[in-house]
$ cat model_17.cif   # mmCIF, C-alpha atoms
data_final
loop_
_atom_site.label_atom_id
_atom_site.label_comp_id
_atom_site.auth_asym_id
_atom_site.auth_seq_id
_atom_site.Cartn_x
_atom_site.Cartn_y
_atom_site.Cartn_z
CA GLY A 1 59.46 -152.66 -32.10
CA ALA A 2 55.94 -151.78 -33.10
CA GLY A 3 53.50 -154.59 -33.69
CA VAL A 4 50.58 -154.80 -36.07
CA SER A 5 48.21 -151.91 -35.55
CA GLN A 6 44.58 -151.61 -36.63
CA THR A 7 42.33 -148.60 -36.77
CA PRO A 8 39.76 -147.85 -35.63
CA SER A 9 39.59 -150.14 -32.61
CA ASN A 10 35.80 -149.86 -32.68
CA LYS A 11 33.44 -148.92 -35.46
CA VAL A 12 29.70 -148.58 -35.19
CA THR A 13 27.75 -148.06 -38.37
CA GLU A 14 24.24 -148.36 -39.71
CA LYS A 15 22.99 -151.05 -42.03
CA GLY A 16 23.69 -150.15 -45.62
CA LYS A 17 26.65 -147.88 -44.93
CA TYR A 18 30.19 -148.21 -46.28
CA VAL A 19 33.13 -148.82 -43.93
CA GLU A 20 36.90 -148.98 -44.21
CA LEU A 21 39.15 -150.79 -41.77
CA ARG A 22 42.87 -150.15 -41.76
CA CYS A 23 45.81 -152.39 -40.97
CA ASP A 24 49.43 -151.34 -40.47
CA PRO A 25 51.66 -154.42 -40.58
CA ILE A 26 55.03 -154.83 -38.96
CA SER A 27 57.67 -153.01 -40.97
CA GLY A 28 59.30 -155.32 -43.47
CA HIS A 29 56.52 -157.92 -43.45
CA THR A 30 55.50 -158.54 -47.04
CA ALA A 31 52.71 -160.98 -46.19
CA LEU A 32 49.44 -159.63 -44.78
CA TYR A 33 46.28 -161.51 -43.81
CA TRP A 34 42.75 -160.49 -42.89
CA TYR A 35 40.55 -162.70 -40.72
CA ARG A 36 37.06 -162.22 -39.28
CA GLN A 37 36.08 -163.43 -35.83
CA SER A 38 32.39 -163.62 -35.04
CA LEU A 39 31.21 -163.85 -31.45
CA GLY A 40 32.04 -167.22 -29.94
CA GLN A 41 33.87 -168.44 -33.02
CA GLY A 42 37.43 -168.87 -34.15
CA PRO A 43 38.91 -166.48 -36.71
CA GLU A 44 37.97 -167.15 -40.34
CA PHE A 45 40.37 -166.37 -43.16
CA LEU A 46 39.32 -163.64 -45.56
CA ILE A 47 42.25 -162.66 -47.77
CA TYR A 48 46.03 -162.91 -48.06
CA PHE A 49 48.34 -160.36 -49.67
CA GLN A 50 51.86 -161.00 -50.83
CA GLY A 51 53.22 -157.55 -51.46
CA THR A 52 50.64 -155.47 -53.30
CA GLY A 53 48.69 -158.35 -54.79
CA ALA A 54 45.98 -160.52 -53.31
CA ALA A 55 47.42 -164.03 -53.54
CA ASP A 56 44.36 -165.71 -52.04
CA ASP A 57 40.95 -164.05 -51.64
CA SER A 58 39.00 -167.26 -51.28
CA GLY A 59 37.65 -166.28 -47.87
CA LEU A 60 35.88 -163.08 -48.88
CA PRO A 61 32.19 -163.88 -48.29
CA ASN A 62 30.75 -161.92 -51.22
CA ASP A 63 31.40 -159.01 -53.53
CA ARG A 64 30.55 -156.43 -50.85
CA PHE A 65 33.96 -157.14 -49.35
CA PHE A 66 37.23 -156.17 -50.93
CA ALA A 67 40.68 -155.20 -49.75
CA VAL A 68 43.62 -153.30 -51.14
CA ARG A 69 47.28 -152.89 -50.36
CA PRO A 70 48.48 -150.39 -52.97
CA GLU A 71 52.03 -149.86 -51.73
CA GLY A 72 52.68 -153.22 -50.16
CA SER A 73 52.46 -152.05 -46.57
CA VAL A 74 49.19 -150.61 -45.20
CA SER A 75 46.05 -152.50 -46.15
CA THR A 76 42.42 -151.39 -46.12
CA LEU A 77 39.47 -153.75 -45.88
CA LYS A 78 36.39 -152.20 -47.44
CA ILE A 79 32.83 -153.32 -46.84
CA GLN A 80 29.98 -151.92 -48.92
CA ARG A 81 26.30 -151.92 -48.01
CA THR A 82 26.98 -153.31 -44.55
CA GLU A 83 24.61 -155.85 -43.07
CA ARG A 84 23.99 -156.77 -39.44
CA GLY A 85 25.66 -160.11 -40.10
CA ASP A 86 28.91 -158.32 -40.84
CA SER A 87 29.24 -157.45 -37.17
CA ALA A 88 32.43 -159.11 -35.93
CA VAL A 89 36.02 -158.43 -34.94
CA TYR A 90 38.20 -158.03 -38.00
CA LEU A 91 41.76 -159.19 -37.40
CA CYS A 92 44.84 -158.39 -39.39
CA ALA A 93 48.09 -160.33 -39.25
CA SER A 94 51.44 -160.00 -40.95
CA SER A 95 54.49 -162.17 -41.47
CA LEU A 96 57.74 -162.37 -43.33
CA GLN A 97 57.31 -164.03 -46.70
CA SER A 98 59.85 -166.63 -45.60
CA SER A 99 57.99 -167.35 -42.33
CA PRO A 100 54.28 -167.72 -43.01
CA ASP A 101 54.04 -169.92 -39.93
CA THR A 102 54.78 -167.02 -37.63
CA GLN A 103 51.93 -164.58 -38.08
CA TYR A 104 51.69 -161.59 -35.79
CA PHE A 105 48.16 -160.45 -35.10
CA GLY A 106 46.85 -156.99 -34.42
CA PRO A 107 44.29 -156.22 -31.70
CA GLY A 108 41.45 -156.15 -34.19
CA THR A 109 38.67 -153.76 -35.15
CA ARG A 110 35.30 -154.47 -33.61
CA LEU A 111 32.63 -153.66 -36.20
CA THR A 112 29.04 -153.28 -35.08
CA VAL A 113 26.34 -152.84 -37.70
CA LEU A 114 23.08 -151.53 -36.26
CA ALA B 1 38.83 -179.69 -46.95
CA GLN B 2 40.76 -179.15 -43.78
CA SER B 3 39.00 -178.63 -40.49
CA VAL B 4 39.84 -178.32 -36.82
CA THR B 5 37.77 -179.53 -33.89
CA GLN B 6 38.37 -178.40 -30.36
CA LEU B 7 36.60 -180.64 -27.88
CA GLY B 8 35.08 -178.58 -25.11
CA SER B 9 34.24 -174.92 -25.51
CA HIS B 10 34.89 -174.34 -21.82
CA VAL B 11 37.43 -176.02 -19.56
CA SER B 12 37.75 -175.26 -15.86
CA VAL B 13 40.71 -176.32 -13.72
CA SER B 14 42.00 -175.46 -10.29
CA GLU B 15 45.20 -173.50 -9.90
CA GLY B 16 48.10 -175.96 -9.89
CA ALA B 17 46.18 -178.65 -11.76
CA LEU B 18 46.98 -180.12 -15.15
CA VAL B 19 45.68 -178.26 -18.16
CA LEU B 20 44.58 -180.35 -21.15
CA LEU B 21 42.96 -178.71 -24.17
CA ARG B 22 42.01 -181.03 -27.00
CA CYS B 23 42.43 -180.46 -30.72
CA ASN B 24 41.79 -182.82 -33.62
CA TYR B 25 42.28 -182.00 -37.26
CA SER B 26 40.98 -183.39 -40.50
CA SER B 27 43.37 -183.36 -43.42
CA SER B 28 44.47 -185.78 -46.10
CA VAL B 29 48.08 -184.76 -45.50
CA PRO B 30 49.45 -183.89 -42.06
CA PRO B 31 49.32 -180.11 -41.91
CA TYR B 32 51.26 -177.60 -39.95
CA LEU B 33 49.66 -177.18 -36.51
CA PHE B 34 49.42 -174.23 -34.16
CA TRP B 35 48.06 -173.13 -30.80
CA TYR B 36 47.21 -169.47 -30.23
CA VAL B 37 46.10 -167.74 -27.03
CA GLN B 38 43.82 -164.71 -26.83
CA TYR B 39 43.67 -162.72 -23.62
CA PRO B 40 40.71 -160.37 -23.11
CA ASN B 41 40.93 -157.30 -25.33
CA GLN B 42 44.23 -158.44 -26.81
CA GLY B 43 45.33 -159.89 -30.14
CA LEU B 44 46.08 -163.52 -30.81
CA GLN B 45 49.48 -164.66 -29.63
CA LEU B 46 51.30 -167.73 -30.93
CA LEU B 47 51.90 -170.26 -28.15
CA LEU B 48 53.61 -172.97 -30.17
CA LYS B 49 53.69 -174.64 -33.56
CA TYR B 50 54.53 -177.94 -35.19
CA THR B 51 55.90 -177.98 -38.71
CA THR B 52 58.50 -180.74 -38.93
CA GLY B 53 60.81 -182.69 -36.66
CA ALA B 54 60.12 -183.60 -33.05
CA THR B 55 56.45 -184.26 -32.45
CA LEU B 56 56.54 -182.91 -28.89
CA VAL B 57 56.67 -179.15 -29.15
CA LYS B 58 57.37 -176.76 -26.31
CA GLY B 59 55.98 -173.26 -26.32
CA ILE B 60 55.83 -170.17 -24.19
CA ASN B 61 54.50 -169.99 -20.64
CA GLY B 62 55.19 -173.67 -19.93
CA PHE B 63 52.77 -175.05 -22.51
CA GLU B 64 53.55 -177.97 -24.78
CA ALA B 65 51.71 -180.02 -27.38
CA GLU B 66 52.25 -183.35 -29.05
CA PHE B 67 51.47 -184.13 -32.67
CA LYS B 68 50.02 -187.63 -32.99
CA LYS B 69 49.51 -188.52 -36.62
CA SER B 70 47.71 -191.79 -35.85
CA GLU B 71 45.15 -189.92 -33.77
CA THR B 72 45.12 -186.75 -35.93
CA SER B 73 45.51 -184.82 -32.70
CA PHE B 74 47.51 -181.92 -31.33
CA HIS B 75 46.44 -181.56 -27.70
CA LEU B 76 47.80 -178.71 -25.58
CA THR B 77 49.01 -179.38 -22.04
CA LYS B 78 50.55 -177.59 -19.10
CA PRO B 79 51.49 -179.44 -15.91
CA SER B 80 50.39 -176.75 -13.47
CA ALA B 81 47.82 -174.05 -14.21
CA HIS B 82 48.33 -170.47 -13.12
CA MET B 83 45.62 -167.89 -12.69
CA SER B 84 47.25 -165.92 -15.51
CA ASP B 85 46.55 -168.79 -17.94
CA ALA B 86 42.85 -167.91 -18.01
CA ALA B 87 42.18 -167.00 -21.63
CA GLU B 88 40.76 -168.35 -24.85
CA TYR B 89 42.85 -170.88 -26.75
CA PHE B 90 42.64 -171.62 -30.45
CA CYS B 91 44.03 -174.55 -32.37
CA ALA B 92 44.79 -173.92 -36.05
CA VAL B 93 46.12 -175.73 -39.08
CA ARG B 94 47.82 -174.64 -42.27
CA ASP B 95 47.96 -176.62 -45.47
CA ARG B 96 51.52 -177.54 -46.41
CA SER B 97 50.79 -176.47 -49.96
CA ASN B 98 49.32 -173.14 -48.89
CA THR B 99 51.18 -169.93 -48.38
CA GLY B 100 49.78 -168.89 -45.04
CA LYS B 101 46.04 -169.30 -44.68
CA LEU B 102 45.20 -170.54 -41.17
CA ILE B 103 42.08 -172.52 -40.37
CA PHE B 104 41.06 -172.13 -36.74
CA GLY B 105 39.00 -174.21 -34.38
CA GLN B 106 36.08 -172.78 -32.44
CA GLY B 107 38.21 -172.02 -29.40
CA THR B 108 38.30 -173.23 -25.80
CA THR B 109 37.89 -170.87 -22.88
CA LEU B 110 40.13 -171.86 -20.00
CA GLN B 111 38.97 -170.89 -16.53
CA VAL B 112 41.41 -171.25 -13.64
CA LYS B 113 39.90 -171.40 -10.16
CA PRO B 114 41.86 -170.41 -7.08
#

$ encode --input "model_17.cif" --output "C-alpha cells"
Amino acid sequence: GAGVSQTPSNKVTEKGKYVELRCDPISGHTALYWYRQSLGQGPEFLIYFQGTGAADDSGLPNDRFFAVRPEGSVSTLKIQRTERGDSAVYLCASSLQSSPDTQYFGPGTRLTVL
Amino acid sequence: AQSVTQLGSHVSVSEGALVLLRCNYSSSVPPYLFWYVQYPNQGLQLLLKYTTGATLVKGINGFEAEFKKSETSFHLTKPSAHMSDAAEYFCAVRDRSNTGKLIFGQGTTLQVKP
C-alpha cells in the first residue's frame, strides 16, 4: 500500500516568505508527527496530532510555526516569515493510535531559505 | 529530560566485519528504545525496537540490539557487514508516559569498505 507522502520534495524560498509543507499519512493512521532534521543532526520533534487536534506541540520552535490537520488525515506545516535557520528537511510520520512505537516516515521536504 | 547519545558520528568497517554502533540514553525511567536507518534520499526506516520483554531484540537485515539497563545502553550490532548496510543510523527513545514523541540521537554514518 501507499506510504507516507510529502509534498513538495524540495522547496526553495526567500527569507521572510511564507511556506506550506504537506503531509499525506498512511490511510487509517490517526496519529501524525512532524519532525525537523537539520544538516548533520538527528530529527527533532515538532508536533504530534491525534486525529484533528494537536496533542503535543511542545517542539514548535516559535510562533512562526504552526500546523493543522482539519479533517484528521492530511496535515500542513506552515512557516511564516521564514529565516535562513529554518532550512532543514521536514519529516512527517504516521502511526496507528494503538501503535505509537511503529511510526512510518515519509521521504521529507527539503526546505532551503535563501 | 530524556536524551540520547550516539558515540561516534562516523564508523568504518570492512565488508564481512562486525558492526557495532553505540547508543546510550539518559532517562529516569527506562524508556522505549529504537534504531532507525536512513539510506541516501530515503525516509527513516525502523530497524528494531525494545518496549518490554526480552532485552535482546532482533530486527531486519540481520541487525540486533541489546537493552542493558545497568549501562543505560542499547547498542546495535550485526555480525557481518554488507556493502548495502552503508547508511546513517539513528538511535531514539520514547517516554513510556508519552504518546509518541521520539527523541533521536545525532546519528552515526556507517561506511562499509570492500

$ interface_residues --input "model_17.cif" --of "chain B" --to "chain A" --cutoff "10 Å" --atoms "only C-alpha atoms" --output "MDAnalysis selection string"
chainID B and resid 9 32:34 38 41:46 48:51 88:94 98:109

$ residues_around --input "model_17.cif" --residues "range 61-75 of chain A" --least-positions-apart "5" --cutoff "7 Å" --atoms "only C-alpha atoms" --output "PyMOL selection string"
chain A and resi 22-25+30+51-52+80-81

$ write_last_selection --input "model_17.cif" --atoms "C-alpha atoms" --output "compact mmCIF listing (two decimals), in the coordinates of the input"
# COMPACT_ATOMS: atom_id res chain seq x y z
CA ARG A 22 42.87 -150.15 -41.76
CA CYS A 23 45.81 -152.39 -40.97
CA ASP A 24 49.43 -151.34 -40.47
CA PRO A 25 51.66 -154.42 -40.58
CA THR A 30 55.50 -158.54 -47.04
CA GLY A 51 53.22 -157.55 -51.46
CA THR A 52 50.64 -155.47 -53.30
CA GLN A 80 29.98 -151.92 -48.92
CA ARG A 81 26.30 -151.92 -48.01

$ residues_around --input "model_17.cif" --residues "Val57 in chain B" --least-positions-apart "3" --cutoff "12 Å" --atoms "only C-alpha atoms" --output "ChimeraX atom specification"
/B:33-35,47-54,60,62-68,74-78

$ resolve_selection --input "model_17.cif" --expression "the PyMOL selection byres ((chain B and resi 113) around 10)" --output "ChimeraX atom specification"
/B:12-17,81-83,86,110-112,114

$ resolve_selection --input "model_17.cif" --expression "the PyMOL selection byres ((chain A and resi 14) around 12)" --output "list in words"
Lys11, Val12, Thr13, Lys15, Gly16, Lys17, Tyr18, Val19, Gln80, Arg81, Thr82, Glu83, Arg84, Gly85, Asp86, Ser87, Leu111, Thr112, Val113 and Leu114 of chain A

$ atom_distance --input "model_17.cif" --atom1 "CA of Gly53 in chain A" --atom2 "CA of Asp95 in chain B"
20.5 Å

$ resolve_selection --input "model_17.cif" --expression "the PyMOL selection byres ((chain B and resi 8) around 8)" --output "ChimeraX atom specification"
/B:6-7,9-11,21-22,108

$ residues_around --input "model_17.cif" --residues "Leu21 in chain A" --least-positions-apart "3" --cutoff "8 Å" --atoms "all atoms listed in the file" --output "NGL selection string"
:A and (6-8 or 76-78 or 109)

$ atom_distance --input "model_17.cif" --atom1 "CA of Ser27 in chain B" --atom2 "CA of Ser70 in chain B"
12.1 Å

$ atom_distance --input "model_17.cif" --atom1 "CA of His29 in chain A" --atom2 "CA of Gly3 in chain A"
10.7 Å

$ residues_around --input "model_17.cif" --residues "Lys69 in chain B" --least-positions-apart "5" --cutoff "10 Å" --atoms "all atoms listed in the file" --output "list in words"
Tyr25, Val29, Pro30, Pro31, Thr55 and Phe74 of chain B

$ residues_around --input "model_17.cif" --residues "Arg110 in chain A" --least-positions-apart "5" --cutoff "8 Å" --atoms "all atoms listed in the file" --output "VMD selection string"
chain A and resid 9 to 11 87 to 90

$ write_last_selection --input "model_17.cif" --atoms "C-alpha atoms" --output "PDB file, in the frame of the given file"
ATOM      1  CA  SER A   9      39.590-150.140 -32.610  1.00  0.00           C
ATOM      2  CA  ASN A  10      35.800-149.860 -32.680  1.00  0.00           C
ATOM      3  CA  LYS A  11      33.440-148.920 -35.460  1.00  0.00           C
ATOM      4  CA  SER A  87      29.240-157.450 -37.170  1.00  0.00           C
ATOM      5  CA  ALA A  88      32.430-159.110 -35.930  1.00  0.00           C
ATOM      6  CA  VAL A  89      36.020-158.430 -34.940  1.00  0.00           C
ATOM      7  CA  TYR A  90      38.200-158.030 -38.000  1.00  0.00           C
TER       8      TYR A  90
END

$ closest_residue --input "model_17.cif" --among "B:Thr5, B:Thr72, B:Ser80, B:Asn61" --to "Ser28 in chain B" --atoms "only C-alpha atoms"
B:Thr72

$ axis_aligned_box --input "model_17.cif" --around "range 15-25 of chain B" --padding-each-side "5 Å" --output "lines of an AutoDock Vina configuration file"
center_x = 44.9
center_y = -178.2
center_z = -23.6
size_x = 16.3
size_y = 19.3
size_z = 37.4

$ decode --input "model_17.cif" --residues "range 38-90 of chain B" --atoms "C-alpha atoms" --output "compact mmCIF listing (two decimals), in the first residue's frame"
# COMPACT_ATOMS: atom_id res chain seq x y z
CA GLN B 38 18.24 6.28 6.72
CA TYR B 39 19.54 5.47 3.25
CA PRO B 40 20.51 8.38 0.98
CA ASN B 41 17.48 10.26 -0.29
CA GLN B 42 15.10 7.94 1.53
CA GLY B 43 12.92 8.21 4.62
CA LEU B 44 13.73 6.77 8.02
CA GLN B 45 13.06 3.07 8.34
CA LEU B 46 12.57 1.25 11.64
CA LEU B 47 15.24 -1.40 12.17
CA LEU B 48 14.17 -2.67 15.56
CA LYS B 49 12.65 -1.61 18.86
CA TYR B 50 12.61 -2.55 22.52
CA THR B 51 9.49 -1.96 24.56
CA THR B 52 9.12 -4.84 27.01
CA GLY B 53 10.19 -8.45 27.36
CA ALA B 54 13.42 -9.95 26.07
CA THR B 55 16.26 -7.47 26.21
CA LEU B 56 17.95 -8.85 23.09
CA VAL B 57 15.95 -7.63 20.14
CA LYS B 58 16.32 -8.82 16.57
CA GLY B 59 15.48 -6.57 13.67
CA ILE B 60 15.55 -6.50 9.92
CA ASN B 61 18.60 -7.10 7.74
CA GLY B 62 20.39 -9.18 10.38
CA PHE B 63 20.72 -6.40 12.95
CA GLU B 64 20.12 -6.85 16.65
CA ALA B 65 20.42 -4.74 19.78
CA GLU B 66 20.55 -5.42 23.48
CA PHE B 67 18.96 -3.27 26.15
CA LYS B 68 21.23 -3.06 29.19
CA LYS B 69 19.53 -1.15 31.98
CA SER B 70 22.62 -1.11 34.21
CA GLU B 71 24.62 0.55 31.45
CA THR B 72 21.73 2.64 30.05
CA SER B 73 22.75 1.36 26.64
CA PHE B 74 21.13 -0.01 23.51
CA HIS B 75 24.00 -0.80 21.14
CA LEU B 76 23.29 -2.02 17.62
CA THR B 77 25.25 -4.95 16.18
CA LYS B 78 25.48 -7.07 13.07
CA PRO B 79 27.90 -9.98 12.81
CA SER B 80 28.92 -9.42 9.20
CA ALA B 81 28.67 -6.11 7.35
CA HIS B 82 27.41 -5.91 3.79
CA MET B 83 28.08 -3.10 1.37
CA SER B 84 24.33 -2.42 1.37
CA ASP B 85 24.47 -1.57 5.10
CA ALA B 86 26.17 1.74 4.35
CA ALA B 87 23.73 4.35 5.63
CA GLU B 88 23.04 6.64 8.55
CA TYR B 89 21.74 5.06 11.74
CA PHE B 90 19.76 6.81 14.44
